[in-house]
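*Asks:* Starting off with a structure, shown below.
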Amino acid sequence: MTEDRQNRRYPHNLQGVLQLAVEAGSAAEGPAPAQPMTEERKTWLREALADVCKGQMDEVEQMKQCLAVLRKEETGESEMDEEQEEDERELAFEMLSELCENLDNARDLMTLGGLDLCVSQYLCHVQSGLRWRAAELIASCAQNMPQVQVHLLGIGVLPKLLQLTDSDPHPTVRIKALYAVSCLVREQEAGLKAFLSHDGFSVLMRGMQSESEKLRTKSAFLLLNLLTSHSEQKDTVVSMGMVQQLVSVLRSPHSPFHEHVLGTASQRASRKGRKSGRTGLLQAIEG
């Protein structure tokens, strides 16, 4: 047994570390006595931890390289043709979005000025593929990150995102911009306040009347979510004539997004509907 332990090969990656931990946990269930850590194991552990830390540092370097690509247009450093430049920048955005699924990387990107670059240069870029990728990156970084949300709201991103949602000629840009809006206003009081001050409910209503079914569905879902989480906003929505507009939307050809409209309409009429024995939607339509 001693010889087996000495000859054992230790893993050299994170997956191997996890597997070793599982095996060690399984072995701990038995009566095997505790063994002192050998010098070999100590050396391997130091190297494994160093590799993990190096990998994290490499991700920061990757983000810096991506930002260097995105900043080329500002400085005029690139000698590639326009199509190649666009492809390179799109790839940089895709890599950043993947890296920023890690919350620490999202925070680092903010510190590196990447989000400011998105807002100032790319949400208004002439190429739609870069506009929607910038909005998607903003959404990825803002989701569940109050520190990033506050920063983005502070540099005025919400009015730009609402404008893109409302009037961009490319449907994917509108959908991604709405996704970013959702990440900034749901469960975020400052975001909701900015949303209300820029007539966000009207933007959602127009989104529900869009030709894009995906945009209609996402607009209705966000409206329902906001009214569910912030019941004090129902009177505001009703005073805008939203219920009548929702009923009008329901009279359009049926599509999957109608279920969200049904839920939205019932938010206002639910109490009266329960008293009369009718559903919230029927109460809203007959009223």
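Residues in the structure tokens are named by chain (A, B, ... in the order shown) and by number from 1 within that chain; ligands are numbered from 1 in the order shown.
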For segment 142-193 of chain A against segment 212-235 of chain A, with a cut-off of 12 Å and counting only C-alpha atoms, what is the closest atom pair and its distance in Å to one decimal for every residue that makes the cut, ordered by chain and number, as a tab-separated table?
*Replies:*
residue	atom	partner	partner_atom	distance
A:Leu162	CA	A:Ser219	CA	11.6
A:Thr165	CA	A:Leu215	CA	8.8
A:Asp166	CA	A:Leu215	CA	10.3
A:Pro169	CA	A:Ser212	CA	11.5
A:His170	CA	A:Ser212	CA	10.3
A:Pro171	CA	A:Ser212	CA	6.9
A:Thr172	CA	A:Leu215	CA	8.8
A:Val173	CA	A:Leu215	CA	10.2
A:Arg174	CA	A:Leu215	CA	7.4
A:Ile175	CA	A:Leu215	CA	5.6
A:Lys176	CA	A:Leu215	CA	9.3
A:Ala177	CA	A:Leu215	CA	10.2
A:Leu178	CA	A:Ser219	CA	7.6
A:Tyr179	CA	A:Lys218	CA	8.0
A:Ala180	CA	A:Leu222	CA	11.4
A:Val181	CA	A:Leu222	CA	9.3
A:Ser182	CA	A:Leu222	CA	6.7
A:Cys183	CA	A:Leu222	CA	10.1
A:Leu184	CA	A:Leu222	CA	11.5
A:Val185	CA	A:Leu226	CA	8.5
A:Arg186	CA	A:Leu226	CA	7.0
A:Glu187	CA	A:Ser229	CA	8.0
A:Gln188	CA	A:Leu226	CA	10.7
A:Glu189	CA	A:His230	CA	10.0
A:Gly191	CA	A:Leu226	CA	11.6
A:Leu192	CA	A:Leu226	CA	8.8
A:Lys193	CA	A:Gln233	CA	11.1
*Asks:* Per DSSP on the backbone, what are the alpha helix (DSSP H) residues of segment 123-236 of chain A, as a ChimeraX atom specification?
*Replies:* /A:128-142,146-154,157-167,171-185,189-197,200-208,213-229,234-236
*Asks:* Find the residue from A:His198, A:Ala190, A:Ala135, A:Val126 that sits nearest to Pro159 of chain A; use only C-alpha atoms when measuring.
*Replies:*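 Once distances to Pro159 of chain A are computed over only C-alpha atoms, the minimum belongs to A:His198.
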*Asks:* Any idea what the distance is between atom CA of Gly113 of chain A and atom CA of Leu67 of chain A?
*Replies:* 8.7 Å
*Asks:* Calculate how many Å separate atom CA of Leu130 of chain A from atom CA of Glu86 of chain A, rounding to one decimal.
*Replies:*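 Distance between the two atoms: 7.8 Å.
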*Asks:* Nearest to Leu164 of chain A among A:Met95, A:Leu109, A:Met63, A:Val203, with distances taken over only C-alpha atoms: which residue is it?
*Replies:*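 The shortest atom-to-atom distance to Leu164 of chain A comes from A:Val203.
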*Asks:* If we count only C-alpha atoms, what is near Val148 of chain A at a cut-off of 8 Å, once residues fewer than 4 positions away on the same chain are taken out, given as a list in words?
*Replies:*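 Residues meeting the cut-off are Ala106, Arg107, Met110, Cys141, Ala142 and Leu152 of chain A.
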*Asks:* Atom CA of Gly154 of chain A and atom CA of Met208 of chain A, how far apart in Å?
*Replies:*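 Interatomic distance here is 28.1 Å.
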*Asks:* Within 8 Å of Val119 of chain A, counting only C-alpha atoms, which residues show up once you throw out same-chain ones fewer than 5 positions away? Write them as a PyMOL selection string, please.
*Replies:* chain A and resi 124+134+157
*Asks:* Using only N, CA and C atoms, please write the residues we just selected to a file, as an mmCIF file, in the first residue's frame.
*Replies:*
data_model
loop_
_atom_site.group_PDB
_atom_site.id
_atom_site.type_symbol
_atom_site.label_atom_id
_atom_site.label_comp_id
_atom_site.auth_asym_id
_atom_site.auth_seq_id
_atom_site.Cartn_x
_atom_site.Cartn_y
_atom_site.Cartn_z
ATOM 1 N N CYS A 124 -23.967 52.852 -29.975
ATOM 2 C CA CYS A 124 -24.379 53.720 -31.090
ATOM 3 C C CYS A 124 -23.584 53.429 -32.361
ATOM 4 N N ALA A 134 -22.642 44.634 -27.837
ATOM 5 C CA ALA A 134 -22.345 45.530 -26.722
ATOM 6 C C ALA A 134 -23.465 45.484 -25.688
ATOM 7 N N VAL A 157 -26.518 54.686 -18.994
ATOM 8 C CA VAL A 157 -26.755 53.666 -20.017
ATOM 9 C C VAL A 157 -28.240 53.413 -20.263
#
*Asks:* Hey, what's within 10 Å of Glu90 of chain A if we count only C-alpha atoms and toss same-chain stuff fewer than 5 positions away? As an NGL selection string, please?
*Replies:* :A and (66 or 69-70 or 84-85 or 95-96 or 129-134)
*Asks:* Go ahead and write the selection's residues with N, CA and C atoms as a JSON list (two decimals), in the first residue's frame.
*Replies:*
[["chain", "number", "residue", "atom", "x", "y", "z"],
["A", 66, "CYS", "N", -8.84, 41.84, -25.60],
["A", 66, "CYS", "CA", -10.11, 42.11, -26.28],
["A", 66, "CYS", "C", -10.40, 43.60, -26.31],
["A", 69, "VAL", "N", -8.44, 45.39, -28.92],
["A", 69, "VAL", "CA", -9.06, 45.23, -30.23],
["A", 69, "VAL", "C", -10.21, 46.23, -30.39],
["A", 70, "LEU", "N", -11.04, 46.35, -29.37],
["A", 70, "LEU", "CA", -12.20, 47.24, -29.46],
["A", 70, "LEU", "C", -11.81, 48.71, -29.48],
["A", 84, "GLN", "N", -12.87, 42.81, -42.02],
["A", 84, "GLN", "CA", -12.02, 42.09, -41.10],
["A", 84, "GLN", "C", -12.05, 42.72, -39.71],
["A", 85, "GLU", "N", -12.07, 44.03, -39.68],
["A", 85, "GLU", "CA", -12.13, 44.74, -38.41],
["A", 85, "GLU", "C", -13.43, 44.39, -37.66],
["A", 95, "MET", "N", -15.91, 36.82, -26.83],
["A", 95, "MET", "CA", -15.00, 36.30, -25.82],
["A", 95, "MET", "C", -15.24, 37.00, -24.47],
["A", 96, "LEU", "N", -15.46, 38.31, -24.52],
["A", 96, "LEU", "CA", -15.71, 39.05, -23.28],
["A", 96, "LEU", "C", -17.01, 38.58, -22.62],
["A", 129, "GLY", "N", -24.32, 44.43, -35.69],
["A", 129, "GLY", "CA", -23.72, 43.30, -35.00],
["A", 129, "GLY", "C", -22.89, 43.71, -33.80],
["A", 130, "LEU", "N", -22.32, 44.89, -33.84],
["A", 130, "LEU", "CA", -21.56, 45.41, -32.70],
["A", 130, "LEU", "C", -22.48, 46.05, -31.68],
["A", 131, "ARG", "N", -23.57, 46.68, -32.13],
["A", 131, "ARG", "CA", -24.51, 47.27, -31.18],
["A", 131, "ARG", "C", -25.13, 46.20, -30.29],
["A", 132, "TRP", "N", -25.61, 45.09, -30.90],
["A", 132, "TRP", "CA", -26.30, 44.10, -30.06],
["A", 132, "TRP", "C", -25.31, 43.32, -29.19],
["A", 133, "ARG", "N", -24.09, 43.16, -29.67],
["A", 133, "ARG", "CA", -23.10, 42.46, -28.83],
["A", 133, "ARG", "C", -22.69, 43.33, -27.65],
["A", 134, "ALA", "N", -22.64, 44.63, -27.84],
["A", 134, "ALA", "CA", -22.34, 45.53, -26.72],
["A", 134, "ALA", "C", -23.47, 45.48, -25.69]]
